[in-house]
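Listing of model.tsv, TSV, C-alpha atoms
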chain	number	residue	atom	x	y	z
A	15	MET	CA	-0.39	-24.57	28.91
A	16	GLY	CA	2.01	-21.71	29.65
A	17	LEU	CA	2.30	-18.54	27.62
A	18	ALA	CA	5.62	-19.63	26.10
A	19	GLU	CA	3.99	-22.84	24.86
A	20	LEU	CA	1.14	-20.86	23.31
A	21	LEU	CA	3.65	-19.00	21.16
A	22	LEU	CA	5.43	-22.08	19.81
A	23	GLY	CA	3.16	-22.72	16.85
A	24	GLY	CA	0.04	-21.70	14.99
A	25	GLU	CA	-2.48	-24.26	16.26
A	26	GLN	CA	-3.53	-22.28	19.34
A	27	GLN	CA	-6.60	-20.07	19.14
A	28	VAL	CA	-6.15	-16.32	18.86
A	29	ARG	CA	-8.47	-15.64	21.79
A	30	ASP	CA	-6.40	-17.93	24.06
A	31	ILE	CA	-3.32	-15.82	23.41
A	32	VAL	CA	-5.21	-12.63	24.26
A	33	ILE	CA	-6.69	-14.18	27.40
A	34	ARG	CA	-3.23	-15.19	28.62
A	35	PHE	CA	-1.45	-12.05	27.37
A	36	PRO	CA	-4.00	-9.20	27.10
A	37	LYS	CA	-1.46	-6.77	25.63
A	38	SER	CA	-1.37	-8.91	22.48
A	39	SER	CA	-4.77	-7.45	21.60
A	40	ASP	CA	-3.01	-4.23	20.57
A	41	TYR	CA	-0.81	-6.18	18.19
A	42	PHE	CA	-3.67	-8.19	16.71
A	43	ARG	CA	-5.78	-5.08	16.20
A	44	SER	CA	-2.92	-3.30	14.43
A	45	ARG	CA	-2.59	-6.30	12.09
A	46	ARG	CA	-6.37	-6.47	11.64
A	47	ILE	CA	-6.51	-9.97	13.13
A	48	ASP	CA	-9.88	-10.51	14.82
A	49	PHE	CA	-9.38	-11.61	18.43
A	50	CYS	CA	-12.94	-11.13	19.74
A	51	CYS	CA	-15.80	-12.22	17.46
A	52	GLY	CA	-13.53	-14.33	15.29
A	53	GLY	CA	-10.97	-15.21	17.92
A	54	ASN	CA	-12.00	-18.85	18.27
A	55	ARG	CA	-9.84	-20.12	15.42
A	56	PRO	CA	-6.19	-21.13	15.05
A	57	LEU	CA	-3.62	-18.36	14.85
A	58	GLN	CA	-2.20	-19.84	11.65
A	59	GLU	CA	-5.58	-19.60	9.92
A	60	ALA	CA	-6.08	-15.99	11.04
A	61	VAL	CA	-2.55	-15.02	10.01
A	62	GLU	CA	-2.82	-16.62	6.58
A	63	GLU	CA	-6.11	-14.84	5.93
A	64	ARG	CA	-4.31	-11.52	6.43
A	65	GLY	CA	-1.46	-12.55	4.14
A	66	LEU	CA	1.06	-12.52	7.00
A	67	ILE	CA	3.86	-14.94	7.85
A	68	LEU	CA	3.20	-17.04	10.94
A	69	GLU	CA	6.76	-17.17	12.26
A	70	GLU	CA	7.10	-13.39	11.95
A	71	VAL	CA	3.89	-12.91	13.93
A	72	LEU	CA	5.06	-15.36	16.59
A	73	ASN	CA	8.42	-13.58	16.84
A	74	ASP	CA	6.66	-10.24	17.27
A	75	LEU	CA	4.50	-11.66	20.04
A	76	ARG	CA	7.49	-13.24	21.80
A	77	GLN	CA	9.27	-9.91	21.68
A	78	MET	CA	6.24	-8.22	23.24
A	79	VAL	CA	6.26	-10.76	26.05
A	80	ASN	CA	9.96	-10.11	26.68
A	81	GLU	CA	9.45	-6.33	26.64
A	82	HIS	CA	6.44	-6.48	28.95
A	83	PRO	CA	7.22	-9.32	31.39
A	84	THR	CA	4.50	-8.36	33.89
A	85	ALA	CA	1.77	-7.67	31.35
A	86	LYS	CA	0.32	-11.18	31.55
A	87	GLU	CA	-0.41	-10.66	35.27
A	88	GLU	CA	-1.96	-7.24	34.74
A	89	ASN	CA	-5.71	-7.16	34.12
A	90	ASP	CA	-6.04	-10.92	34.25
A	91	TYR	CA	-9.81	-10.89	34.01
A	92	THR	CA	-9.98	-14.68	34.06
A	93	ARG	CA	-9.37	-14.42	37.82
A	94	TRP	CA	-12.24	-11.97	38.40
A	95	ASN	CA	-15.54	-13.35	39.60
A	96	SER	CA	-18.47	-12.80	37.27
A	97	CYS	CA	-20.14	-10.09	39.34
A	98	ASP	CA	-16.98	-7.98	39.40
A	99	LEU	CA	-16.38	-8.55	35.70
A	100	ILE	CA	-19.95	-7.49	34.88
A	101	ALA	CA	-19.53	-4.35	36.98
A	102	HIS	CA	-16.31	-3.56	35.11
A	103	ILE	CA	-17.99	-3.99	31.73
A	104	VAL	CA	-20.87	-1.72	32.73
A	105	ASN	CA	-18.79	0.95	34.44
A	106	LYS	CA	-16.07	1.12	31.80
A	107	HIS	CA	-17.37	-0.07	28.45
A	108	HIS	CA	-21.07	0.71	28.64
A	109	ALA	CA	-20.33	4.07	30.23
A	110	TYR	CA	-17.85	4.83	27.43
A	111	LEU	CA	-20.46	4.10	24.76
A	112	ARG	CA	-23.12	6.26	26.37
A	113	GLN	CA	-20.72	9.12	26.84
A	114	GLU	CA	-18.77	9.01	23.60
A	115	LEU	CA	-21.20	7.85	20.92
A	116	PRO	CA	-23.16	11.15	20.83
A	117	HIS	CA	-19.91	13.13	20.49
A	118	ILE	CA	-18.57	10.87	17.76
A	119	GLU	CA	-21.91	11.18	15.98
A	120	GLN	CA	-21.60	14.98	15.97
A	121	ASN	CA	-18.17	14.71	14.37
A	122	VAL	CA	-19.29	12.15	11.79
A	123	ASN	CA	-22.29	14.33	10.87
A	124	LYS	CA	-20.14	17.45	10.51
A	125	VAL	CA	-17.51	15.78	8.33
A	126	PHE	CA	-20.21	14.28	6.12
A	127	ARG	CA	-21.99	17.63	5.82
A	128	VAL	CA	-18.83	19.56	4.93
A	129	HIS	CA	-16.93	17.01	2.84
A	130	GLY	CA	-19.50	14.44	1.77
A	131	GLN	CA	-20.31	16.10	-1.53
A	132	HIS	CA	-16.77	15.54	-2.78
A	133	GLU	CA	-15.86	12.33	-0.94
A	134	ALA	CA	-18.46	9.66	-1.60
A	135	HIS	CA	-17.25	7.21	1.03
A	136	LEU	CA	-18.30	9.56	3.82
A	137	ALA	CA	-21.97	8.93	3.06
A	138	GLU	CA	-21.47	5.23	3.76
A	139	VAL	CA	-19.42	5.94	6.89
A	140	HIS	CA	-22.25	8.21	8.07
A	141	ARG	CA	-24.87	5.54	7.41
A	142	LEU	CA	-22.89	2.74	9.02
A	143	PHE	CA	-22.08	4.76	12.12
A	144	GLY	CA	-25.75	5.62	12.62
A	145	GLN	CA	-26.61	1.92	12.44
A	146	LEU	CA	-23.76	1.01	14.78
A	147	LYS	CA	-24.67	3.62	17.38
A	148	ALA	CA	-28.29	2.48	17.54
A	149	GLU	CA	-27.38	-1.18	17.80
A	150	LEU	CA	-24.68	-0.71	20.44
A	151	LEU	CA	-26.94	1.34	22.72
A	152	GLU	CA	-29.78	-1.17	22.35
A	153	HIS	CA	-27.31	-3.97	23.02
A	154	THR	CA	-26.01	-2.42	26.26
A	155	GLU	CA	-29.55	-1.87	27.54
A	156	LYS	CA	-30.42	-5.51	26.86
A	157	GLU	CA	-27.35	-6.67	28.74
A	158	GLU	CA	-27.99	-4.48	31.76
A	159	ASP	CA	-31.77	-4.93	31.94
A	160	GLU	CA	-32.10	-8.60	31.02
A	161	VAL	CA	-28.93	-10.65	30.73
A	162	PHE	CA	-26.56	-9.45	33.43
A	163	PRO	CA	-29.21	-9.72	36.18
A	164	LYS	CA	-29.77	-13.35	35.15
A	165	MET	CA	-26.04	-13.97	35.41
A	166	VAL	CA	-25.93	-12.49	38.91
A	167	ASN	CA	-28.96	-14.58	39.85
A	168	TRP	CA	-27.31	-17.73	38.54
A	169	GLU	CA	-24.19	-17.04	40.58
A	170	THR	CA	-26.27	-17.00	43.78
A	171	ALA	CA	-29.23	-19.33	43.14
A	172	ARG	CA	-27.96	-21.75	40.45
A	173	GLU	CA	-31.46	-22.38	39.11
A	174	PRO	CA	-31.34	-24.58	35.99
A	175	GLU	CA	-34.09	-22.65	34.20
A	176	THR	CA	-32.06	-19.45	34.59
A	177	LEU	CA	-29.08	-21.09	32.89
A	178	VAL	CA	-31.22	-22.21	29.94
A	179	LYS	CA	-32.53	-18.69	29.45
A	180	LEU	CA	-29.01	-17.32	29.77
A	181	GLN	CA	-27.66	-19.59	27.06
A	182	THR	CA	-30.36	-18.43	24.64
A	183	SER	CA	-29.67	-14.79	25.44
A	184	ILE	CA	-25.92	-15.24	25.11
A	185	ALA	CA	-26.32	-16.69	21.62
A	186	GLU	CA	-28.30	-13.58	20.66
A	187	LEU	CA	-25.70	-11.26	22.16
A	188	GLU	CA	-22.87	-13.02	20.32
A	189	ALA	CA	-24.74	-12.59	17.04
A	190	GLU	CA	-25.09	-8.88	17.81
A	191	HIS	CA	-21.37	-8.72	18.55
A	192	ASP	CA	-20.64	-10.24	15.14
A	193	LYS	CA	-22.83	-7.65	13.46
A	194	ALA	CA	-21.19	-4.72	15.26
A	195	GLY	CA	-17.74	-6.12	14.52
A	196	ASN	CA	-18.56	-6.41	10.82
A	197	ILE	CA	-19.77	-2.81	10.71
A	198	LEU	CA	-16.55	-1.62	12.32
A	199	LYS	CA	-14.53	-3.60	9.79
A	200	GLU	CA	-16.47	-1.91	6.99
A	201	ILE	CA	-15.79	1.51	8.46
A	202	ARG	CA	-12.09	0.69	8.79
A	203	ALA	CA	-11.95	-0.37	5.14
A	204	LEU	CA	-13.83	2.73	3.96
A	205	THR	CA	-11.50	5.03	5.89
A	206	GLN	CA	-8.34	3.19	4.78
A	207	ASP	CA	-7.50	2.11	8.31
A	208	PHE	CA	-8.69	5.41	9.75
A	209	THR	CA	-6.13	7.36	7.70
A	210	PRO	CA	-7.44	10.85	6.89
A	211	PRO	CA	-6.56	12.38	3.52
A	212	ASP	CA	-3.75	14.93	3.36
A	213	HIS	CA	-6.20	17.82	3.00
A	214	ALA	CA	-8.26	16.77	6.07
A	215	CYS	CA	-9.14	19.50	8.54
A	216	THR	CA	-8.79	19.10	12.30
A	217	THR	CA	-12.37	17.88	12.74
A	218	TYR	CA	-11.87	15.33	9.97
A	219	ARG	CA	-8.74	13.98	11.67
A	220	ILE	CA	-10.35	13.92	15.11
A	221	THR	CA	-13.32	12.02	13.71
A	222	TYR	CA	-11.13	9.27	12.30
A	223	SER	CA	-9.17	9.10	15.55
A	224	ARG	CA	-12.33	8.75	17.62
A	225	LEU	CA	-13.71	6.08	15.30
A	226	GLU	CA	-10.50	4.12	15.75
A	227	GLU	CA	-10.75	4.48	19.52
A	228	LEU	CA	-14.36	3.24	19.32
A	229	GLU	CA	-13.17	0.18	17.42
A	230	GLU	CA	-10.49	-0.55	20.02
A	231	MET	CA	-12.88	-0.17	22.96
A	232	THR	CA	-15.57	-2.27	21.27
A	233	PHE	CA	-13.16	-5.11	20.49
A	234	GLN	CA	-11.95	-5.11	24.12
A	235	HIS	CA	-15.57	-5.08	25.30
A	236	VAL	CA	-16.53	-7.99	23.06
A	237	HIS	CA	-13.41	-9.94	24.04
A	238	LEU	CA	-14.27	-9.72	27.74
A	239	GLU	CA	-17.76	-11.03	27.06
A	240	ASN	CA	-17.28	-13.59	24.27
A	241	ASN	CA	-14.04	-15.08	25.50
A	242	ILE	CA	-14.16	-14.74	29.29
A	243	LEU	CA	-17.63	-14.02	30.69
A	244	PHE	CA	-19.99	-15.91	28.39
A	245	PRO	CA	-18.14	-19.27	28.39
A	246	ARG	CA	-18.80	-19.52	32.12
A	247	TYR	CA	-22.46	-20.20	31.31
A	248	GLU	CA	-22.01	-22.80	28.61
Can I see the file as structure tokens?
Amino acid sequence: MGLAELLLGGEQQVRDIVIRFPKSSDYFRSRRIDFCCGGNRPLQEAVEERGLILEEVLNDLRQMVNEHPTAKEENDYTRWNSCDLIAHIVNKHHAYLRQELPHIEQNVNKVFRVHGQHEAHLAEVHRLFGQLKAELLEHTEKEEDEVFPKMVNWETAREPETLVKLQTSIAELEAEHDKAGNILKEIRALTQDFTPPDHACTTYRITYSRLEELEEMTFQHVHLENNILFPRYE
């Protein structure tokens, strides 16, 4: 099915649109339509849940395709072999988490310390971020130490017992993705779509901006795994 056919109606899955046209992930994220953990459902269902109009969403996506005619060929990760895709995930997304999470944590802690007494939601943002940071770092270690090596081994040896172990591990990783995605959705709701209050200081604004970037990077990370890498081992 071509990209134009995917945008004719609402029966296609959200993740299929993002796989074929990666730039659509920006649009879905801006509309708070889940394309990674919850991307395996029809577009119409996802759109209706957000209270949006299907034909308007389809028109927006068609316009994006027209404005970015080469975008569907760029970063077509479906054409990458698994070893290269794994290396990309580790070198870009895992490296981002290890580098940025401690800095974001410092900002979250400072904003909570300075403003938390008067803005109750910051206590929950602080708690949720601490939980998210711990789980994401543990998750990346599990992938690199246990799961990704099995995938590389399967690509070369094709041992059936390796595939069985992989499928069990993948189910666990997908559950962890769901949990992280739900935490990020809670943080987005608490921060009113990462919109700082009018009185927010520079650190406050930077913190919200970095949390939004973390959400974007995490959703891209999960999309690459849930929708492209993991299905190769089903």
Which polymer residues have any atom within 8 Å of an atom of region 100-110 of chain A, counting only C-alpha atoms, with same-chain residues fewer than 2 positions away left out, as an NGL selection string?
:A and (96-98 or 112-115 or 154 or 158 or 162 or 231-232 or 235 or 238)
Using the file's own x, y and z axes, so that the box edges lie along x, y and z, what centre and edge lengths in Å (one decimal) does a box around every listed atom of region 125-140 of chain A get when 3 Å is added on each side? Give it as AutoDock Vina command-line options.
--center_x -19.1 --center_y 12.4 --center_z 2.8 --size_x 12.4 --size_y 20.3 --size_z 17.1
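By chain and then residue number, the residues within 10 Å of region 18-23 of chain A are A:Gln27, A:Val28, A:Asp30, A:Ile31, A:Arg34, A:Pro56, A:Leu57, A:Gln58, A:Leu68, A:Glu69, A:Val71, A:Leu72, A:Asn73, A:Leu75, A:Arg76, A:Val79, counting all atoms listed in the file and disregarding those fewer than 4 positions away in sequence.
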Between A:Arg172, A:Arg202, A:His140, A:Arg246, which is the closest to Arg46 (chain A) once you count all atoms listed in the file?
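Among the listed residues, the smallest separation from Arg46 (chain A) belongs to A:Arg202.
Of the residues under consideration (A:Asp212, A:Glu175, A:Glu190, A:Glu133), A:Glu190 shows the shortest atom-to-atom contact distance to Leu150 (chain A) when counting all atoms listed in the file.
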The distance between CA of Leu177 (chain A) and CA of Gln26 (chain A) is 28.9 Å
List every protein, DNA or RNA residue that has an atom no more than 7 Å from (-12.8, -5.0, 17.7) in the file's coordinate frame, counting all atoms listed in the file, and report them as a count of residues only.
8
Please, what distance in Å, to one decimal, runs between CA of Tyr41 (chain A) and CA of Asp192 (chain A)?
20.5 Å
So what do you get for CA of Ala171 (chain A) versus CA of Phe244 (chain A), distance-wise?
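Answer for the CA of Ala171 (chain A) to CA of Phe244 (chain A) separation: 17.7 Å.
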Between A:Lys193, A:Arg29, A:Arg45, A:Arg93, which residue has the minimum interatomic distance to Gly65 (chain A), considering only C-alpha atoms?
A:Arg45
Test item: residues at most 9 Å from Arg219 (chain A), all atoms listed in the file, excluding those fewer than 6 positions along its chain, as a PDB file with C-alpha atoms, in the coordinates of the input:
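The file below, out23.pdb, is the result:
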ATOM      1  CA  PHE A 208      -8.690   5.410   9.750  1.00  0.00           C
ATOM      2  CA  THR A 209      -6.130   7.360   7.700  1.00  0.00           C
ATOM      3  CA  PRO A 210      -7.440  10.850   6.890  1.00  0.00           C
ATOM      4  CA  PRO A 211      -6.560  12.380   3.520  1.00  0.00           C
TER       5      PRO A 211
END
I'd like the contact shell of Leu142 (chain A) - 10 Å cut-off, all atoms listed in the file, skipping same-chain residues fewer than 6 positions apart - returned as a short mmCIF file (atom, residue, chain, number, x, y, z; two decimals) with C-alpha atoms, in the frame of the given file.
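Saved result, part-v1.cif, follows:
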data_model
loop_
_atom_site.label_atom_id
_atom_site.label_comp_id
_atom_site.auth_asym_id
_atom_site.auth_seq_id
_atom_site.Cartn_x
_atom_site.Cartn_y
_atom_site.Cartn_z
CA LEU A 136 -18.30 9.56 3.82
CA ALA A 194 -21.19 -4.72 15.26
CA ILE A 197 -19.77 -2.81 10.71
CA LEU A 198 -16.55 -1.62 12.32
CA GLU A 200 -16.47 -1.91 6.99
CA ILE A 201 -15.79 1.51 8.46
#
Using all atoms listed in the file, which of A:Glu186, A:Asn80, A:Tyr247, A:Asn89 sits nearest Pro174 (chain A)?
A:Tyr247
Would you kindly return, as a list in words, each protein, DNA or RNA residue with an atom no farther than 12 Å from any atom of His117 (chain A), considering only C-alpha atoms and excluding same-chain residues fewer than 5 positions away?
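Contacts, with the query itself left out: Tyr110, Leu111, Arg112, Val122, Asn123, Lys124, Lys147, Thr217, Ile220, Thr221, Arg224, Leu225 and Leu228 of chain A.
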